[in-house]
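A short write-up of the structure that comes next.
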Amino acid sequence: MKELTNREAEVWELIAEGRRNKDIALELKLSHWTVRCYATSLFKKLGVRNRTEAALKLLTNRDT
């Protein structure tokens, strides 16, 4: 897995909690477009296709 930025890691955590981009944007004081860009970037780095796969990968990484 490629190195994530601190912000990508924050977005990943919130995605794994089931939060929507709009909610993540409000919490992190970003635009929803910026959150979308972070999500796209972290999906590529994680090698996943969607939010569900990203959440599962986070849970899997915590267990190891």
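In the structure tokens, chains take letters A, B, ... by order of appearance, with residues numbered from 1 within each chain and ligands from 1 in the order shown.
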
Test item: residues at most 10 Å from A:Glu3, only C-alpha atoms, excluding those fewer than 5 positions along its chain, as a PDB file with C-alpha atoms, in the first residue's frame:
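File result.pdb, as written:
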```pdb
ATOM      1  CA  GLU A   8      -6.336  10.944   3.308  1.00  0.00           C
ATOM      2  CA  ALA A   9      -6.073   8.839   6.465  1.00  0.00           C
ATOM      3  CA  LEU A  42      -6.868   7.121  -1.347  1.00  0.00           C
ATOM      4  CA  LYS A  45      -3.430   4.150  -3.230  1.00  0.00           C
ATOM      5  CA  LEU A  46      -5.329   1.400  -1.416  1.00  0.00           C
TER       6      LEU A  46
END
```

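With distances taken over only C-alpha atoms, A:Val11 is the one residue among A:Val11, A:Val48, A:Ala55, A:Leu4 lying closest to A:Lys29.
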
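For the pair atom CA of A:Ala54 and atom CA of A:Arg19, the interatomic distance is 12.5 Å.
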
* Run DSSP on the backbone of this structure and report the residues of chain A it assigns to alpha helix (DSSP H), as a PyMOL selection string. => chain A and resi 6-16+21-28+32-46+51-63

Residues from last step as file, N, CA and C atoms, as a tab-separated table (two decimals), in the first residue's frame:
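Below is the file that was written, out38.tsv:
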```tsv
chain	number	residue	atom	x	y	z
A	6	ASN	N	-1.83	12.52	5.81
A	6	ASN	CA	-2.62	12.57	7.04
A	6	ASN	C	-4.09	12.83	6.74
A	7	ARG	N	-4.36	13.72	5.79
A	7	ARG	CA	-5.74	14.05	5.44
A	7	ARG	C	-6.44	12.85	4.80
A	8	GLU	N	-5.74	12.14	3.92
A	8	GLU	CA	-6.34	10.94	3.31
A	8	GLU	C	-6.68	9.92	4.39
A	9	ALA	N	-5.81	9.78	5.37
A	9	ALA	CA	-6.07	8.84	6.47
A	9	ALA	C	-7.30	9.27	7.27
A	10	GLU	N	-7.45	10.57	7.49
A	10	GLU	CA	-8.64	11.08	8.19
A	10	GLU	C	-9.90	10.78	7.40
A	11	VAL	N	-9.86	11.04	6.10
A	11	VAL	CA	-11.01	10.79	5.24
A	11	VAL	C	-11.33	9.29	5.23
A	12	TRP	N	-10.29	8.45	5.17
A	12	TRP	CA	-10.47	7.00	5.17
A	12	TRP	C	-11.21	6.55	6.43
A	13	GLU	N	-10.79	7.07	7.58
A	13	GLU	CA	-11.45	6.72	8.85
A	13	GLU	C	-12.94	7.07	8.81
A	14	LEU	N	-13.24	8.27	8.31
A	14	LEU	CA	-14.63	8.72	8.28
A	14	LEU	C	-15.45	7.95	7.25
A	15	ILE	N	-14.84	7.61	6.13
A	15	ILE	CA	-15.53	6.76	5.15
A	15	ILE	C	-15.85	5.41	5.77
A	16	ALA	N	-14.89	4.85	6.50
A	16	ALA	CA	-15.10	3.55	7.14
A	16	ALA	C	-16.21	3.60	8.18
A	21	ASN	N	-19.68	12.09	1.88
A	21	ASN	CA	-18.71	13.14	1.57
A	21	ASN	C	-19.14	14.48	2.14
A	22	LYS	N	-20.43	14.78	2.04
A	22	LYS	CA	-20.95	16.05	2.56
A	22	LYS	C	-20.69	16.17	4.06
A	23	ASP	N	-20.91	15.10	4.81
A	23	ASP	CA	-20.69	15.11	6.25
A	23	ASP	C	-19.21	15.21	6.60
A	24	ILE	N	-18.39	14.50	5.84
A	24	ILE	CA	-16.94	14.55	6.04
A	24	ILE	C	-16.45	15.98	5.80
A	25	ALA	N	-16.96	16.59	4.73
A	25	ALA	CA	-16.57	17.96	4.38
A	25	ALA	C	-16.90	18.92	5.53
A	26	LEU	N	-18.08	18.79	6.09
A	26	LEU	CA	-18.47	19.67	7.20
A	26	LEU	C	-17.56	19.47	8.41
A	27	GLU	N	-17.27	18.22	8.73
A	27	GLU	CA	-16.44	17.94	9.90
A	27	GLU	C	-15.01	18.43	9.73
A	28	LEU	N	-14.46	18.25	8.53
A	28	LEU	CA	-13.07	18.63	8.29
A	28	LEU	C	-12.91	20.04	7.74
A	32	HIS	N	-17.08	19.59	-0.40
A	32	HIS	CA	-17.35	18.19	-0.71
A	32	HIS	C	-16.54	17.73	-1.92
A	33	TRP	N	-16.17	18.67	-2.79
A	33	TRP	CA	-15.34	18.33	-3.96
A	33	TRP	C	-13.93	17.94	-3.51
A	34	THR	N	-13.42	18.63	-2.51
A	34	THR	CA	-12.09	18.30	-1.99
A	34	THR	C	-12.10	16.93	-1.34
A	35	VAL	N	-13.15	16.63	-0.60
A	35	VAL	CA	-13.28	15.30	0.01
A	35	VAL	C	-13.34	14.24	-1.08
A	36	ARG	N	-14.06	14.52	-2.14
A	36	ARG	CA	-14.15	13.57	-3.25
A	36	ARG	C	-12.76	13.31	-3.85
A	37	CYS	N	-11.96	14.36	-4.00
A	37	CYS	CA	-10.60	14.20	-4.52
A	37	CYS	C	-9.74	13.37	-3.58
A	38	TYR	N	-9.83	13.63	-2.28
A	38	TYR	CA	-9.09	12.82	-1.30
A	38	TYR	C	-9.53	11.35	-1.38
A	39	ALA	N	-10.83	11.13	-1.47
A	39	ALA	CA	-11.34	9.76	-1.53
A	39	ALA	C	-10.83	9.04	-2.78
A	40	THR	N	-10.88	9.72	-3.91
A	40	THR	CA	-10.39	9.12	-5.16
A	40	THR	C	-8.92	8.77	-5.04
A	41	SER	N	-8.14	9.67	-4.48
A	41	SER	CA	-6.71	9.44	-4.32
A	41	SER	C	-6.43	8.26	-3.40
A	42	LEU	N	-7.13	8.21	-2.27
A	42	LEU	CA	-6.87	7.12	-1.35
A	42	LEU	C	-7.36	5.79	-1.89
A	43	PHE	N	-8.45	5.77	-2.67
A	43	PHE	CA	-8.90	4.52	-3.29
A	43	PHE	C	-7.82	3.98	-4.21
A	44	LYS	N	-7.20	4.86	-4.99
A	44	LYS	CA	-6.12	4.43	-5.89
A	44	LYS	C	-4.95	3.88	-5.09
A	45	LYS	N	-4.56	4.59	-4.04
A	45	LYS	CA	-3.43	4.15	-3.23
A	45	LYS	C	-3.71	2.83	-2.52
A	46	LEU	N	-4.96	2.63	-2.11
A	46	LEU	CA	-5.33	1.40	-1.42
A	46	LEU	C	-5.58	0.23	-2.37
A	51	ARG	N	-16.13	2.67	-1.58
A	51	ARG	CA	-16.11	2.96	-0.14
A	51	ARG	C	-16.18	1.69	0.70
A	52	THR	N	-16.96	0.72	0.26
A	52	THR	CA	-17.10	-0.52	1.00
A	52	THR	C	-15.77	-1.26	1.07
A	53	GLU	N	-15.08	-1.36	-0.07
A	53	GLU	CA	-13.78	-2.03	-0.09
A	53	GLU	C	-12.77	-1.26	0.77
A	54	ALA	N	-12.84	0.07	0.75
A	54	ALA	CA	-11.94	0.88	1.57
A	54	ALA	C	-12.19	0.62	3.06
A	55	ALA	N	-13.46	0.56	3.45
A	55	ALA	CA	-13.81	0.30	4.85
A	55	ALA	C	-13.33	-1.09	5.27
A	56	LEU	N	-13.54	-2.07	4.42
A	56	LEU	CA	-13.10	-3.43	4.74
A	56	LEU	C	-11.59	-3.50	4.88
A	57	LYS	N	-10.88	-2.78	4.03
A	57	LYS	CA	-9.43	-2.78	4.10
A	57	LYS	C	-8.95	-2.15	5.41
A	58	LEU	N	-9.61	-1.09	5.85
A	58	LEU	CA	-9.25	-0.46	7.12
A	58	LEU	C	-9.47	-1.44	8.27
A	59	LEU	N	-10.59	-2.11	8.27
A	59	LEU	CA	-10.89	-3.08	9.34
A	59	LEU	C	-9.89	-4.22	9.31
A	60	THR	N	-9.53	-4.68	8.15
A	60	THR	CA	-8.56	-5.77	8.00
A	60	THR	C	-7.19	-5.33	8.51
A	61	ASN	N	-6.79	-4.11	8.19
A	61	ASN	CA	-5.48	-3.60	8.63
A	61	ASN	C	-5.43	-3.44	10.15
A	62	ARG	N	-6.53	-3.12	10.76
A	62	ARG	CA	-6.57	-2.96	12.22
A	62	ARG	C	-6.41	-4.30	12.92
A	63	ASP	N	-6.90	-5.36	12.28
A	63	ASP	CA	-6.84	-6.69	12.89
A	63	ASP	C	-5.46	-7.32	12.84
```
